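Enquirer: protein-v6.txt is reproduced in full below (compact mmCIF, C-alpha atoms).
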```
# COMPACT_ATOMS: atom_id res chain seq x y z
CA MET A 1 106.61 172.20 56.29
CA SER A 2 103.19 173.86 56.34
CA GLU A 3 102.52 176.73 58.73
CA PRO A 4 99.56 176.79 61.10
CA PHE A 5 96.50 177.69 59.06
CA ALA A 6 94.90 181.13 59.03
CA ALA A 7 98.32 182.70 58.51
CA GLY A 8 99.09 185.41 60.99
CA ALA A 9 96.66 184.05 63.56
CA ASP A 10 97.68 183.65 67.17
CA PRO A 11 99.23 180.15 67.31
CA TRP A 12 97.74 179.62 70.77
CA LEU A 13 94.22 180.34 69.57
CA PRO A 14 92.21 177.44 68.12
CA GLN A 15 90.36 178.27 64.90
CA PRO A 16 86.69 177.27 65.05
CA VAL A 17 85.84 174.68 62.39
CA ARG A 18 82.54 172.97 61.60
CA VAL A 19 82.14 169.20 61.61
CA LEU A 20 81.12 167.99 58.15
CA ARG A 21 80.49 164.43 59.25
CA ARG A 22 81.53 161.74 61.69
CA THR A 23 81.79 158.07 60.81
CA GLN A 24 82.27 155.18 63.17
CA GLU A 25 85.27 153.04 62.16
CA THR A 26 85.15 150.48 65.00
CA ALA A 27 83.45 150.28 68.39
CA ASP A 28 85.79 152.88 69.89
CA THR A 29 87.30 154.61 66.85
CA PHE A 30 85.72 157.28 64.69
CA THR A 31 86.68 159.66 61.89
CA LEU A 32 85.86 163.37 61.86
CA TRP A 33 85.65 165.37 58.62
CA LEU A 34 86.13 169.07 59.36
CA ASP A 35 85.12 171.82 56.96
CA VAL A 36 88.14 173.85 55.86
CA ALA A 37 86.81 174.59 52.38
CA ASN A 38 86.98 178.35 52.89
CA GLY A 39 90.69 178.72 53.44
CA GLY A 40 91.91 175.27 52.57
CA PHE A 41 94.36 173.41 54.73
CA SER A 42 97.74 172.13 53.61
CA PHE A 43 99.81 169.67 55.59
CA ALA A 44 102.56 167.12 55.17
CA PRO A 45 101.88 163.40 55.78
CA GLY A 46 102.67 162.60 59.40
CA GLN A 47 101.80 166.02 60.83
CA PHE A 48 99.22 166.52 63.56
CA ASN A 49 96.73 169.10 64.78
CA MET A 50 95.63 170.15 68.24
CA LEU A 51 91.86 169.60 68.36
CA TYR A 52 89.96 171.52 71.00
CA LEU A 53 86.58 170.39 72.27
CA PHE A 54 85.26 173.62 73.69
CA GLY A 55 84.88 173.57 77.43
CA VAL A 56 86.49 170.14 77.71
CA GLY A 57 90.09 170.18 76.51
CA GLU A 58 92.61 169.91 73.72
CA VAL A 59 94.29 166.81 72.28
CA PRO A 60 96.95 166.17 69.63
CA ILE A 61 95.55 164.11 66.76
CA SER A 62 97.38 163.01 63.61
CA ILE A 63 95.94 164.12 60.31
CA SER A 64 94.73 161.05 58.45
CA GLY A 65 93.27 162.51 55.26
CA ASP A 66 94.57 162.98 51.74
CA PRO A 67 97.10 165.85 51.55
CA ASN A 68 95.77 166.67 48.10
CA GLN A 69 92.17 167.11 49.17
CA THR A 70 92.27 170.37 51.08
CA HIS A 71 88.54 171.06 51.49
CA ALA A 72 88.13 168.67 54.41
CA LEU A 73 90.43 168.03 57.31
CA VAL A 74 90.27 164.38 58.36
CA HIS A 75 91.16 162.90 61.75
CA THR A 76 90.65 159.33 62.93
CA ILE A 77 90.38 159.24 66.70
CA ARG A 78 90.13 156.58 69.36
CA ALA A 79 87.73 157.41 72.17
CA VAL A 80 89.87 156.62 75.18
CA GLY A 81 90.20 159.77 77.29
CA SER A 82 88.32 162.65 78.85
CA VAL A 83 88.45 164.67 75.61
CA THR A 84 88.26 162.02 72.90
CA THR A 85 85.36 160.17 74.53
CA PRO A 86 82.94 163.13 74.33
CA MET A 87 84.41 163.96 70.89
CA GLN A 88 82.84 160.72 69.71
CA ARG A 89 79.44 162.37 70.20
CA LEU A 90 80.16 165.25 67.80
CA LYS A 91 77.78 165.51 64.88
CA ARG A 92 77.44 167.43 61.65
CA GLY A 93 77.35 171.19 62.26
CA ASP A 94 79.08 171.08 65.66
CA THR A 95 82.21 173.17 66.10
CA VAL A 96 85.68 172.17 67.25
CA GLY A 97 88.81 174.27 67.58
CA VAL A 98 91.85 173.48 65.46
CA ARG A 99 95.47 174.55 65.82
CA GLY A 100 98.05 173.22 63.38
CA PRO A 101 99.44 171.54 61.45
CA TYR A 102 102.46 170.78 63.60
CA GLY A 103 105.49 168.56 63.57
CA ALA A 104 107.87 166.89 61.15
CA GLY A 105 106.23 164.35 58.88
CA TRP A 106 107.25 161.26 56.96
CA PRO A 107 110.25 161.67 54.60
CA VAL A 108 108.40 160.78 51.41
CA ASP A 109 111.02 162.46 49.20
CA GLN A 110 113.79 160.32 50.71
CA ALA A 111 112.00 157.25 49.38
CA PHE A 112 112.04 158.33 45.72
CA GLY A 113 113.61 155.59 43.62
CA LYS A 114 113.56 153.09 46.49
CA ASP A 115 111.35 150.31 47.81
CA VAL A 116 109.04 151.53 50.54
CA ILE A 117 107.62 149.45 53.37
CA VAL A 118 104.83 151.11 55.32
CA ILE A 119 104.19 149.30 58.61
CA ALA A 120 101.17 150.15 60.74
CA GLY A 121 100.01 148.71 64.03
CA GLY A 122 96.56 149.49 65.41
CA LEU A 123 95.58 153.12 64.93
CA GLY A 124 99.10 153.75 63.66
CA ILE A 125 97.48 153.33 60.26
CA ALA A 126 95.88 156.80 60.66
CA PRO A 127 99.10 158.91 60.56
CA LEU A 128 100.37 156.66 57.76
CA ARG A 129 97.28 156.96 55.58
CA PRO A 130 98.39 160.33 54.09
CA VAL A 131 101.70 158.66 53.15
CA VAL A 132 99.89 155.84 51.39
CA TYR A 133 97.83 158.41 49.47
CA GLU A 134 101.07 160.04 48.36
CA LEU A 135 102.74 156.74 47.48
CA VAL A 136 99.74 155.76 45.38
CA ARG A 137 99.47 159.21 43.75
CA GLN A 138 103.16 159.29 42.86
CA ARG A 139 103.43 155.54 42.31
CA GLY A 140 105.96 155.86 39.45
CA ARG A 141 108.51 157.61 41.65
CA PHE A 142 108.98 154.58 43.91
CA ARG A 143 109.94 150.98 43.30
CA ASN A 144 107.94 148.33 45.22
CA VAL A 145 105.56 149.78 47.76
CA THR A 146 104.37 147.42 50.51
CA LEU A 147 101.86 148.00 53.28
CA LEU A 148 101.89 145.80 56.38
CA TYR A 149 99.02 146.44 58.75
CA GLY A 150 98.17 144.71 62.01
CA ALA A 151 95.38 145.12 64.53
CA ARG A 152 94.21 143.44 67.70
CA SER A 153 91.33 141.58 66.04
CA PRO A 154 89.33 141.73 62.79
CA ALA A 155 86.80 144.02 64.53
CA ASP A 156 89.59 146.52 65.24
CA LEU A 157 90.69 146.98 61.62
CA VAL A 158 89.95 150.46 60.27
CA TYR A 159 89.76 151.67 56.65
CA ARG A 160 89.03 148.08 55.52
CA LYS A 161 87.53 148.98 52.14
CA GLU A 162 90.29 151.45 51.44
CA VAL A 163 92.99 148.93 52.37
CA ALA A 164 91.40 146.49 49.89
CA ARG A 165 91.57 149.18 47.18
CA TRP A 166 95.22 149.89 48.01
CA GLU A 167 95.99 146.21 47.52
CA LYS A 168 95.04 146.58 43.86
CA LYS A 169 96.91 149.84 43.45
CA LEU A 170 100.04 148.44 45.11
CA ASP A 171 100.22 145.28 42.99
CA GLY A 172 98.99 143.05 45.80
CA ARG A 173 101.72 144.14 48.20
CA VAL A 174 99.34 144.69 51.10
CA HIS A 175 99.35 142.26 54.02
CA VAL A 176 96.94 142.50 56.93
CA THR A 177 97.21 140.49 60.12
CA VAL A 178 95.44 140.37 63.48
CA ASP A 179 96.78 139.29 66.86
CA HIS A 180 93.74 137.14 67.62
CA ALA A 181 90.79 135.91 65.60
CA GLU A 182 87.85 133.60 65.71
CA ALA A 183 87.56 130.71 63.31
CA ASP A 184 85.77 132.67 60.56
CA TRP A 185 88.75 134.98 59.86
CA VAL A 186 90.55 133.83 56.72
CA GLY A 187 93.53 136.22 56.85
CA PRO A 188 96.82 135.82 58.68
CA VAL A 189 96.90 135.64 62.49
CA GLY A 190 100.05 136.87 64.18
CA VAL A 191 101.94 140.02 65.07
CA VAL A 192 103.03 142.64 62.54
CA PRO A 193 106.75 141.67 62.52
CA ALA A 194 105.71 138.19 61.36
CA LEU A 195 104.46 139.79 58.14
CA LEU A 196 108.01 140.80 57.29
CA ASP A 197 108.66 137.19 56.31
CA LYS A 198 106.45 137.86 53.29
CA VAL A 199 108.58 140.74 52.08
CA SER A 200 111.90 140.56 50.28
CA ILE A 201 114.02 143.48 51.44
CA ASP A 202 116.65 145.14 49.28
CA THR A 203 118.68 146.43 52.21
CA ALA A 204 120.57 148.88 49.98
CA ALA A 205 117.48 150.67 48.72
CA THR A 206 114.52 150.35 51.06
CA VAL A 207 112.87 152.92 53.32
CA ALA A 208 110.60 151.75 56.14
CA MET A 209 108.00 153.95 57.81
CA ILE A 210 106.60 152.50 61.03
CA CYS A 211 103.78 153.71 63.24
CA GLY A 212 102.02 151.99 66.11
CA PRO A 213 102.42 151.38 69.82
CA GLU A 214 106.03 152.00 70.83
CA VAL A 215 106.69 148.36 71.74
CA MET A 216 105.36 147.21 68.37
CA MET A 217 107.68 149.68 66.63
CA ARG A 218 110.65 148.42 68.67
CA PHE A 219 109.96 144.78 67.78
CA THR A 220 109.39 145.69 64.14
CA ALA A 221 112.52 147.82 63.82
CA ARG A 222 114.53 145.02 65.45
CA ALA A 223 113.15 142.50 62.95
CA LEU A 224 114.04 144.86 60.07
CA ALA A 225 117.54 145.36 61.51
CA ASN A 226 117.95 141.58 61.73
CA ARG A 227 117.15 141.49 58.02
CA GLY A 228 119.94 144.02 57.42
CA LEU A 229 118.04 147.28 56.98
CA PRO A 230 120.11 150.16 58.39
CA GLY A 231 118.55 152.41 61.04
CA ASP A 232 119.00 155.55 58.94
CA ARG A 233 116.36 154.27 56.55
CA MET A 234 113.79 153.39 59.20
CA PHE A 235 111.44 156.09 60.46
CA VAL A 236 109.09 155.87 63.42
CA SER A 237 106.37 158.17 64.72
CA MET A 238 106.79 158.75 68.44
CA GLU A 239 103.98 159.67 70.78
CA ARG A 240 104.30 161.72 73.95
CA ASN A 241 101.99 164.00 75.86
CA MET A 242 101.89 167.05 73.61
CA LYS A 243 100.31 170.13 75.17
CA CYS A 244 101.41 173.39 73.53
CA ALA A 245 102.66 171.91 70.23
CA LEU A 246 104.88 174.99 69.96
CA ARG A 247 108.07 173.71 71.60
CA PHE A 248 107.47 175.76 74.76
CA CYS A 249 105.95 173.61 77.46
CA GLY A 250 108.32 170.64 77.40
CA HIS A 251 105.63 168.01 77.96
CA CYS A 252 106.69 166.12 74.83
CA GLN A 253 110.43 166.37 75.44
CA TYR A 254 112.25 163.19 74.44
CA ARG A 255 115.80 163.86 75.65
CA GLU A 256 117.07 166.59 73.28
CA SER A 257 114.03 166.39 71.00
CA PHE A 258 110.67 168.04 71.36
CA LEU A 259 108.34 165.67 69.59
CA CYS A 260 105.84 168.40 68.71
CA ARG A 261 108.39 170.11 66.46
CA ASP A 262 111.38 167.77 65.93
CA GLY A 263 108.97 164.82 65.60
CA PRO A 264 106.64 163.07 65.80
CA VAL A 265 108.43 161.29 62.93
CA LEU A 266 112.05 160.57 63.80
CA ARG A 267 114.83 158.62 62.12
CA PHE A 268 115.18 155.35 64.00
CA ASP A 269 118.97 155.33 64.39
CA ARG A 270 118.77 158.70 66.17
CA ILE A 271 116.55 157.35 68.93
CA SER A 272 117.14 153.60 68.95
CA SER A 273 119.39 153.80 72.02
CA LEU A 274 116.62 155.61 73.91
CA LEU A 275 113.79 153.21 73.24
CA ASP A 276 114.72 150.75 75.97
CA ARG A 277 115.46 153.46 78.56
CA ARG A 278 112.89 153.05 81.30
CA GLU A 279 113.38 156.66 82.44
CA LEU A 280 112.15 158.04 79.10
CA MET B 1 111.69 110.95 43.94
CA GLU B 2 113.88 113.29 41.89
CA ASN B 3 111.00 115.76 41.67
CA LEU B 4 110.41 115.52 45.41
CA GLU B 5 114.10 116.22 46.05
CA ARG B 6 113.81 119.37 43.98
CA LEU B 7 110.79 120.49 46.02
CA LEU B 8 112.76 119.94 49.21
CA HIS B 9 115.70 121.98 47.93
CA GLU B 10 113.35 124.80 46.91
CA HIS B 11 111.67 125.14 50.29
CA GLU B 12 112.76 128.13 52.37
CA PHE B 13 113.36 125.99 55.47
CA LEU B 14 115.78 123.66 53.70
CA LYS B 15 117.69 126.32 51.73
CA GLY B 16 121.39 125.46 52.00
CA PHE B 17 120.80 121.85 53.03
CA SER B 18 123.43 119.58 51.46
CA GLU B 19 122.53 117.19 48.64
CA ALA B 20 123.42 114.29 50.90
CA HIS B 21 121.09 115.42 53.71
CA VAL B 22 118.20 116.04 51.33
CA ALA B 23 118.78 112.61 49.84
CA LEU B 24 118.53 111.14 53.33
CA ILE B 25 115.27 112.80 54.34
CA VAL B 26 113.46 112.62 51.02
CA ALA B 27 112.59 109.02 51.82
CA CYS B 28 110.46 110.32 54.72
CA ALA B 29 108.61 112.93 52.61
CA LYS B 30 105.38 113.15 50.64
CA ASN B 31 103.86 116.05 48.78
CA LEU B 32 100.28 116.39 50.06
CA ARG B 33 97.24 118.56 49.27
CA PHE B 34 94.56 119.63 51.71
CA GLU B 35 91.26 121.30 50.92
CA ALA B 36 90.06 124.38 52.80
CA GLY B 37 88.56 123.26 56.10
CA GLU B 38 90.56 120.04 56.26
CA PHE B 39 92.65 119.44 59.39
CA LEU B 40 96.36 118.76 59.04
CA MET B 41 96.63 117.98 62.76
CA ARG B 42 94.19 117.64 65.66
CA GLU B 43 94.87 118.54 69.28
CA GLY B 44 95.66 115.47 71.35
CA GLY B 45 96.45 113.34 68.31
CA ASP B 46 99.72 111.58 67.60
CA ALA B 47 102.39 113.97 66.35
CA ASN B 48 103.43 111.83 63.44
CA THR B 49 104.09 114.50 60.88
CA PHE B 50 106.31 117.49 60.25
CA PHE B 51 105.04 119.81 57.51
CA LEU B 52 106.84 122.30 55.30
CA LEU B 53 104.14 124.48 53.79
CA ARG B 54 104.39 125.32 50.10
CA VAL B 55 100.99 126.83 49.26
CA GLY B 56 98.09 128.16 51.34
CA ARG B 57 97.52 129.20 54.90
CA VAL B 58 96.92 127.03 57.97
CA ALA B 59 95.27 128.31 61.15
CA LEU B 60 96.52 127.05 64.50
CA GLU B 61 93.45 126.88 66.67
CA VAL B 62 92.29 126.00 70.13
CA HIS B 63 88.71 125.44 71.16
CA VAL B 64 87.82 127.36 74.33
CA PRO B 65 84.57 126.28 76.00
CA GLY B 66 82.24 129.26 76.11
CA ARG B 67 84.28 131.27 73.63
CA GLY B 68 84.38 128.96 70.66
CA THR B 69 87.31 128.26 68.38
CA LEU B 70 90.11 130.83 68.51
CA GLN B 71 92.92 131.23 66.03
CA MET B 72 96.21 131.64 67.90
CA GLU B 73 98.46 132.00 64.90
CA SER B 74 98.56 131.16 61.22
CA VAL B 75 101.36 129.83 59.08
CA GLY B 76 101.82 129.97 55.34
CA PRO B 77 104.15 129.24 52.44
CA GLY B 78 107.76 128.85 53.56
CA ASP B 79 106.74 128.13 57.16
CA VAL B 80 107.06 124.95 59.18
CA LEU B 81 104.16 123.28 60.93
CA GLY B 82 104.58 120.80 63.75
CA LEU B 83 107.30 120.69 66.38
CA SER B 84 105.93 117.94 68.62
CA TRP B 85 107.05 115.08 66.34
CA LEU B 86 110.57 115.62 67.72
CA VAL B 87 109.75 115.66 71.44
CA PRO B 88 108.17 112.88 73.55
CA PRO B 89 105.35 112.10 74.10
CA TYR B 90 104.81 113.07 70.41
CA ARG B 91 101.35 114.60 70.96
CA VAL B 92 99.79 117.47 69.01
CA ASN B 93 98.96 120.55 71.13
CA LEU B 94 96.77 122.57 68.72
CA ASP B 95 94.38 122.02 65.86
CA ALA B 96 95.86 122.92 62.47
CA ARG B 97 93.15 123.70 59.89
CA ALA B 98 93.64 124.66 56.27
CA VAL B 99 91.85 127.99 55.74
CA GLU B 100 92.46 127.74 52.01
CA PRO B 101 93.76 124.96 49.74
CA VAL B 102 97.14 123.90 51.08
CA VAL B 103 100.07 122.07 49.53
CA ALA B 104 102.73 120.84 51.93
CA LEU B 105 105.69 118.56 52.16
CA ALA B 106 104.76 116.09 54.89
CA PHE B 107 107.54 114.18 56.65
CA ASP B 108 106.91 111.03 58.65
CA GLY B 109 108.06 111.95 62.18
CA ALA B 110 109.25 108.50 63.18
CA CYS B 111 111.19 108.20 59.92
CA LEU B 112 112.87 111.59 60.48
CA ARG B 113 113.72 110.72 64.10
CA GLY B 114 115.32 107.51 62.86
CA LYS B 115 117.43 109.40 60.30
CA ILE B 116 118.70 112.03 62.74
CA SER B 117 119.49 109.47 65.43
CA LYS B 118 121.85 107.81 62.94
CA ASP B 119 123.28 110.97 61.40
CA HIS B 120 123.94 113.62 64.04
CA ASP B 121 125.18 116.17 61.48
CA LEU B 122 121.77 115.95 59.84
CA GLY B 123 120.14 116.23 63.26
CA TYR B 124 122.21 119.32 64.09
CA GLU B 125 121.25 121.04 60.82
CA LEU B 126 117.58 120.23 61.22
CA VAL B 127 117.26 121.08 64.90
CA LEU B 128 119.24 124.33 64.52
CA ARG B 129 116.76 125.49 61.88
CA LEU B 130 113.82 124.41 63.99
CA TYR B 131 115.33 126.25 66.95
CA GLU B 132 115.69 129.41 64.87
CA LYS B 133 112.01 129.19 63.91
CA THR B 134 111.07 128.52 67.53
CA VAL B 135 112.99 131.57 68.80
CA GLN B 136 111.31 133.73 66.16
CA ARG B 137 107.87 132.45 67.11
CA LEU B 138 108.62 132.91 70.81
CA ASP B 139 109.51 136.53 70.07
CA HIS B 140 106.22 136.96 68.25
CA VAL B 141 104.25 135.31 71.05
CA ARG B 142 105.84 137.70 73.56
CA LEU B 143 104.67 140.68 71.52
CA GLN B 144 101.24 139.07 71.11
CA ARG B 145 100.96 138.60 74.88
CA LEU B 146 101.69 142.28 75.47
CA ASP B 147 98.37 143.01 73.75
CA VAL B 148 99.80 146.33 72.61
CA TYR B 149 96.67 147.58 70.87
CA GLN B 150 94.35 147.41 73.85
CA ALA B 151 92.96 150.70 75.15
CA PRO B 152 95.18 152.31 77.82
```
What's the structure tokens form of this structure?
Expert:
Amino acid sequence: MSEPFAAGADPWLPQPVRVLRRTQETADTFTLWLDVANGGFSFAPGQFNMLYLFGVGEVPISISGDPNQTHALVHTIRAVGSVTTPMQRLKRGDTVGVRGPYGAGWPVDQAFGKDVIVIAGGLGIAPLRPVVYELVRQRGRFRNVTLLYGARSPADLVYRKEVARWEKKLDGRVHVTVDHAEADWVGPVGVVPALLDKVSIDTAATVAMICGPEVMMRFTARALANRGLPGDRMFVSMERNMKCALRFCGHCQYRESFLCRDGPVLRFDRISSLLDRREL
Amino acid sequence: MENLERLLHEHEFLKGFSEAHVALIVACAKNLRFEAGEFLMREGGDANTFFLLRVGRVALEVHVPGRGTLQMESVGPGDVLGLSWLVPPYRVNLDARAVEPVVALAFDGACLRGKISKDHDLGYELVLRLYEKTVQRLDHVRLQRLDVYQAP
């Protein structure tokens, strides 16, 4: 796992980083490119950073860029809260604070020699994008690689051009669906688990990586289990209210796990009995 | 007819159906093509047909005044289309429009109802499979209704 950048720096202290550019993905979702060309920035797919908007607050955001392009740090963010909403107004040359990377990422090495199904719901595609970059880059080390991606509507799909490019690189094994659409949408309409019908699953040698709203992950994991995939080869990325990201504050505690360090990516069979606990 | 029987055996929905049952229902079946934009069923129409889709995608739509036509769901190869042919008053509840060229096995609903009323083993096999599909779709509709991607 990578260590927080600027080795030796105080882990509580955000490092100031310039905004290279900001692009609007959808009406409420944007991507920030941060300039880390000086020192570089290494991370594992699935890890996150704490981004600090000076004078406003700090939020945990998954890293959504290519792990092999270390000059820019990429985050795709939905403007929904008191920090992320003003973040949407950042422009080239502005400064944000960064602490990270933190957390346990996706187990890419455990998928060597196996089929891989990457399943994203909504902005769950952002923490999975670094995995897809890796799967494409190391394509020969995996058997079939499939991406299933669902969003609320066609207008809510992010990375559309890139997803189209992945379809070619993954031998057409990319399926995109939306929950609702108007008549001009020509793709599938339905929830993400419905896409599993399009995939043949070798239950002895398949790894599934799932990220999206928790309910969507529950339904999807259940559908995979019904197809015979064991829980020790399903991985989910859990989201809780991370504050310190250093395993101190306890805000992200999920029974015995602290999601900032033990997660956010967890093996499904280790938490499946907790997912329907209302108290958690 | 022999070719049609083979198509029935090959369809996902009928996998495992006995030779005898396929031989019974093949008399109710046709292999049909639809062009993109063509309707397989219209809301309010007679539910005369049960489709097993082989090629292409079909959008299930409802027209909402003021909002236009909305796609509620889509079905594709291996899926079934049409449940109302089995249940009185045999009326279609949604529009079903081919969004791309579609090839489907189309069963005459009245013919199928006649077959299963005479052969309850056939009826059990068919309805059990339809029930399985219905439970799966109900599960999907529940998730869809949760609208999990909306902003908190």
Enquirer: Using all atoms listed in the file, collect all residues at a distance of at most 6 Å from (116.5, 119.3, 50.1) as written in the file, then present them as an mmCIF file with C-alpha atoms, keeping the file's coordinate frame.
Expert:
```
data_model
loop_
_atom_site.group_PDB
_atom_site.id
_atom_site.type_symbol
_atom_site.label_atom_id
_atom_site.label_comp_id
_atom_site.auth_asym_id
_atom_site.auth_seq_id
_atom_site.Cartn_x
_atom_site.Cartn_y
_atom_site.Cartn_z
ATOM 1 C CA GLU B 5 114.100 116.220 46.050
ATOM 2 C CA LEU B 8 112.760 119.940 49.210
ATOM 3 C CA HIS B 9 115.700 121.980 47.930
ATOM 4 C CA LEU B 14 115.780 123.660 53.700
ATOM 5 C CA PHE B 17 120.800 121.850 53.030
ATOM 6 C CA VAL B 22 118.200 116.040 51.330
#
```
Enquirer: Kindly assemble as CSV a list of the chain B residues that lie within 6 Å of chain A, each paired with its nearest atom pair and their distance in Å to one decimal, using only C-alpha atoms, sorted first by chain and then by ascending residue number.
Expert:
```
residue,atom,partner,partner_atom,distance
B:Thr69,CA,A:Ala183,CA,5.6
B:Leu70,CA,A:Glu182,CA,4.5
B:Gln71,CA,A:Ala181,CA,5.2
B:Glu73,CA,A:Val189,CA,4.6
B:Ser74,CA,A:Val189,CA,4.9
B:Tyr149,CA,A:Arg152,CA,5.8
```
Enquirer: Write out as a list in words which residues come within 10 Å of stretch 113-117 of chain A when counting all atoms listed in the file, dropping same-chain ones fewer than 6 positions away.
Expert: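 Counting only the stated atoms, we get Leu135, Gly140, Arg141, Phe142, Arg143, Asn144, Val145, Thr146, Leu147, Leu148, Arg173, Val174, Leu196, Val199, Ile201, Asp202, Thr203, Ala204, Ala205, Thr206, Val207, Ala208, Met209, Ile210, Arg233 and Met234 of chain A.
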Enquirer: Could you give me the centre and size, in Å to one decimal, of an axis-aligned box around all listed atoms of stretch 117-133 of chain A with 8 Å added on every side, as JSON?
Expert:
```
{"center_x": 101.6, "center_y": 154.5, "center_z": 57.4, "size_x": 28.0, "size_y": 27.6, "size_z": 31.9}
```
Enquirer: Could you work out how far atom CA of A:Phe43 lies from atom CA of B:Ala151, giving the answer in Å with one decimal?
Expert: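 About the pair atom CA of B:Ala151 and atom CA of A:Phe43: they are 28.1 Å apart.
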Enquirer: Counting all atoms listed in the file, what is within 7 Å of B:Val55, bar same-chain residues fewer than 5 positions away, as a ChimeraX atom specification?
Expert: /B:76-77,102-104
Enquirer: Okay, now the selection with C-alpha atoms, as a PDB file, keeping the file's coordinate frame?
Expert:
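Final output, saved to out-v2.pdb:
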```
ATOM      1  CA  GLY B  76     101.820 129.970  55.340  1.00  0.00           C
ATOM      2  CA  PRO B  77     104.150 129.240  52.440  1.00  0.00           C
ATOM      3  CA  VAL B 102      97.140 123.900  51.080  1.00  0.00           C
ATOM      4  CA  VAL B 103     100.070 122.070  49.530  1.00  0.00           C
ATOM      5  CA  ALA B 104     102.730 120.840  51.930  1.00  0.00           C
TER       6      ALA B 104
END
```
Enquirer: Could you check how far atom CA of A:Leu259 sits from atom CA of A:Val118, in Å to one decimal?
Expert: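 These two atoms are separated by 20.7 Å.
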Enquirer: Rank nothing, just name the residue among A:Gly103, A:Tyr52, A:Asp66, A:Ala225 nearest to A:Arg247, using all atoms listed in the file.
Expert: A:Gly103
Enquirer: May I ask for the distance between atom CA of B:Leu81 and atom CA of B:Phe50, given in Å to one decimal place?
Expert: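 If I compute the distance from atom CA of B:Leu81 to atom CA of B:Phe50, I get 6.2 Å.
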Enquirer: What's around B:Glu38 at 10 Å? Count all atoms listed in the file, leave out sequence neighbours fewer than 3 positions away in its own chain, and write the answer as a PDB file with C-alpha atoms, keeping the file's coordinate frame.
Expert:
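Result saved to around.pdb:
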```
ATOM      1  CA  ARG B  33      97.240 118.560  49.270  1.00  0.00           C
ATOM      2  CA  PHE B  34      94.560 119.630  51.710  1.00  0.00           C
ATOM      3  CA  GLU B  35      91.260 121.300  50.920  1.00  0.00           C
ATOM      4  CA  MET B  41      96.630 117.980  62.760  1.00  0.00           C
ATOM      5  CA  VAL B  58      96.920 127.030  57.970  1.00  0.00           C
ATOM      6  CA  ALA B  96      95.860 122.920  62.470  1.00  0.00           C
ATOM      7  CA  ARG B  97      93.150 123.700  59.890  1.00  0.00           C
ATOM      8  CA  ALA B  98      93.640 124.660  56.270  1.00  0.00           C
ATOM      9  CA  VAL B  99      91.850 127.990  55.740  1.00  0.00           C
ATOM     10  CA  GLU B 100      92.460 127.740  52.010  1.00  0.00           C
ATOM     11  CA  PRO B 101      93.760 124.960  49.740  1.00  0.00           C
ATOM     12  CA  VAL B 102      97.140 123.900  51.080  1.00  0.00           C
TER      13      VAL B 102
END
```
Enquirer: Hey, which of A:Arg89, A:His251, A:Arg99, A:His71 ends up closest to A:Gln24? Count all atoms listed in the file.
Expert: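 Distance minimum relative to A:Gln24 lands on A:Arg89.
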Enquirer: Considering only C-alpha atoms, state which residue in the set B:Leu146, B:Ala29, B:Leu52, B:Leu60 is at the smallest distance from B:Val92.
Expert: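 Ranked by minimum distance to B:Val92, first place goes to B:Leu60.
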Enquirer: Which of these, B:Thr49, B:Asp95, B:Ser84, B:Leu24, has the shortest distance to B:Gly37 once you count all atoms listed in the file?
Expert: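 Going through B:Thr49, B:Asp95, B:Ser84, B:Leu24 one by one, the smallest distance to B:Gly37 is for B:Asp95.
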Enquirer: Restricting the calculation to only C-alpha atoms, which member of A:Cys252, A:Arg218, A:Ala245, A:Arg137 is positioned closest to A:Phe268?
Expert: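 The closest residue to A:Phe268 is A:Arg218.
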Enquirer: Keeping N, CA and C atoms, write stretch 238-246 of chain A of the structure just shown out as a PDB file, in the first residue's frame.
Expert:
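Final file, result10.pdb:
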```pdb
ATOM      1  N   MET A 238     -17.079  -0.060   0.731  1.00  0.00           N
ATOM      2  CA  MET A 238     -18.049   0.477   1.680  1.00  0.00           C
ATOM      3  C   MET A 238     -17.794   1.960   1.929  1.00  0.00           C
ATOM      4  N   GLU A 239     -18.868   2.666   2.220  1.00  0.00           N
ATOM      5  CA  GLU A 239     -18.742   4.105   2.451  1.00  0.00           C
ATOM      6  C   GLU A 239     -19.314   4.442   3.817  1.00  0.00           C
ATOM      7  N   ARG A 240     -18.519   5.096   4.627  1.00  0.00           N
ATOM      8  CA  ARG A 240     -18.985   5.642   5.902  1.00  0.00           C
ATOM      9  C   ARG A 240     -18.384   7.025   6.056  1.00  0.00           C
ATOM     10  N   ASN A 241     -18.733   7.687   7.133  1.00  0.00           N
ATOM     11  CA  ASN A 241     -18.331   9.074   7.305  1.00  0.00           C
ATOM     12  C   ASN A 241     -16.881   9.168   7.796  1.00  0.00           C
ATOM     13  N   MET A 242     -15.954   9.159   6.867  1.00  0.00           N
ATOM     14  CA  MET A 242     -14.539   9.208   7.261  1.00  0.00           C
ATOM     15  C   MET A 242     -14.148  10.641   7.632  1.00  0.00           C
ATOM     16  N   LYS A 243     -13.427  10.762   8.726  1.00  0.00           N
ATOM     17  CA  LYS A 243     -13.021  12.102   9.184  1.00  0.00           C
ATOM     18  C   LYS A 243     -11.499  12.212   9.258  1.00  0.00           C
ATOM     19  N   CYS A 244     -10.871  11.343  10.091  1.00  0.00           N
ATOM     20  CA  CYS A 244      -9.418  11.492  10.250  1.00  0.00           C
ATOM     21  C   CYS A 244      -8.661  10.698   9.185  1.00  0.00           C
ATOM     22  N   ALA A 245      -9.237   9.592   8.748  1.00  0.00           N
ATOM     23  CA  ALA A 245      -8.619   8.697   7.762  1.00  0.00           C
ATOM     24  C   ALA A 245      -7.380   8.010   8.323  1.00  0.00           C
ATOM     25  N   LEU A 246      -7.168   8.117   9.626  1.00  0.00           N
ATOM     26  CA  LEU A 246      -5.952   7.567  10.243  1.00  0.00           C
ATOM     27  C   LEU A 246      -6.269   6.533  11.328  1.00  0.00           C
TER      28      LEU A 246
END
```
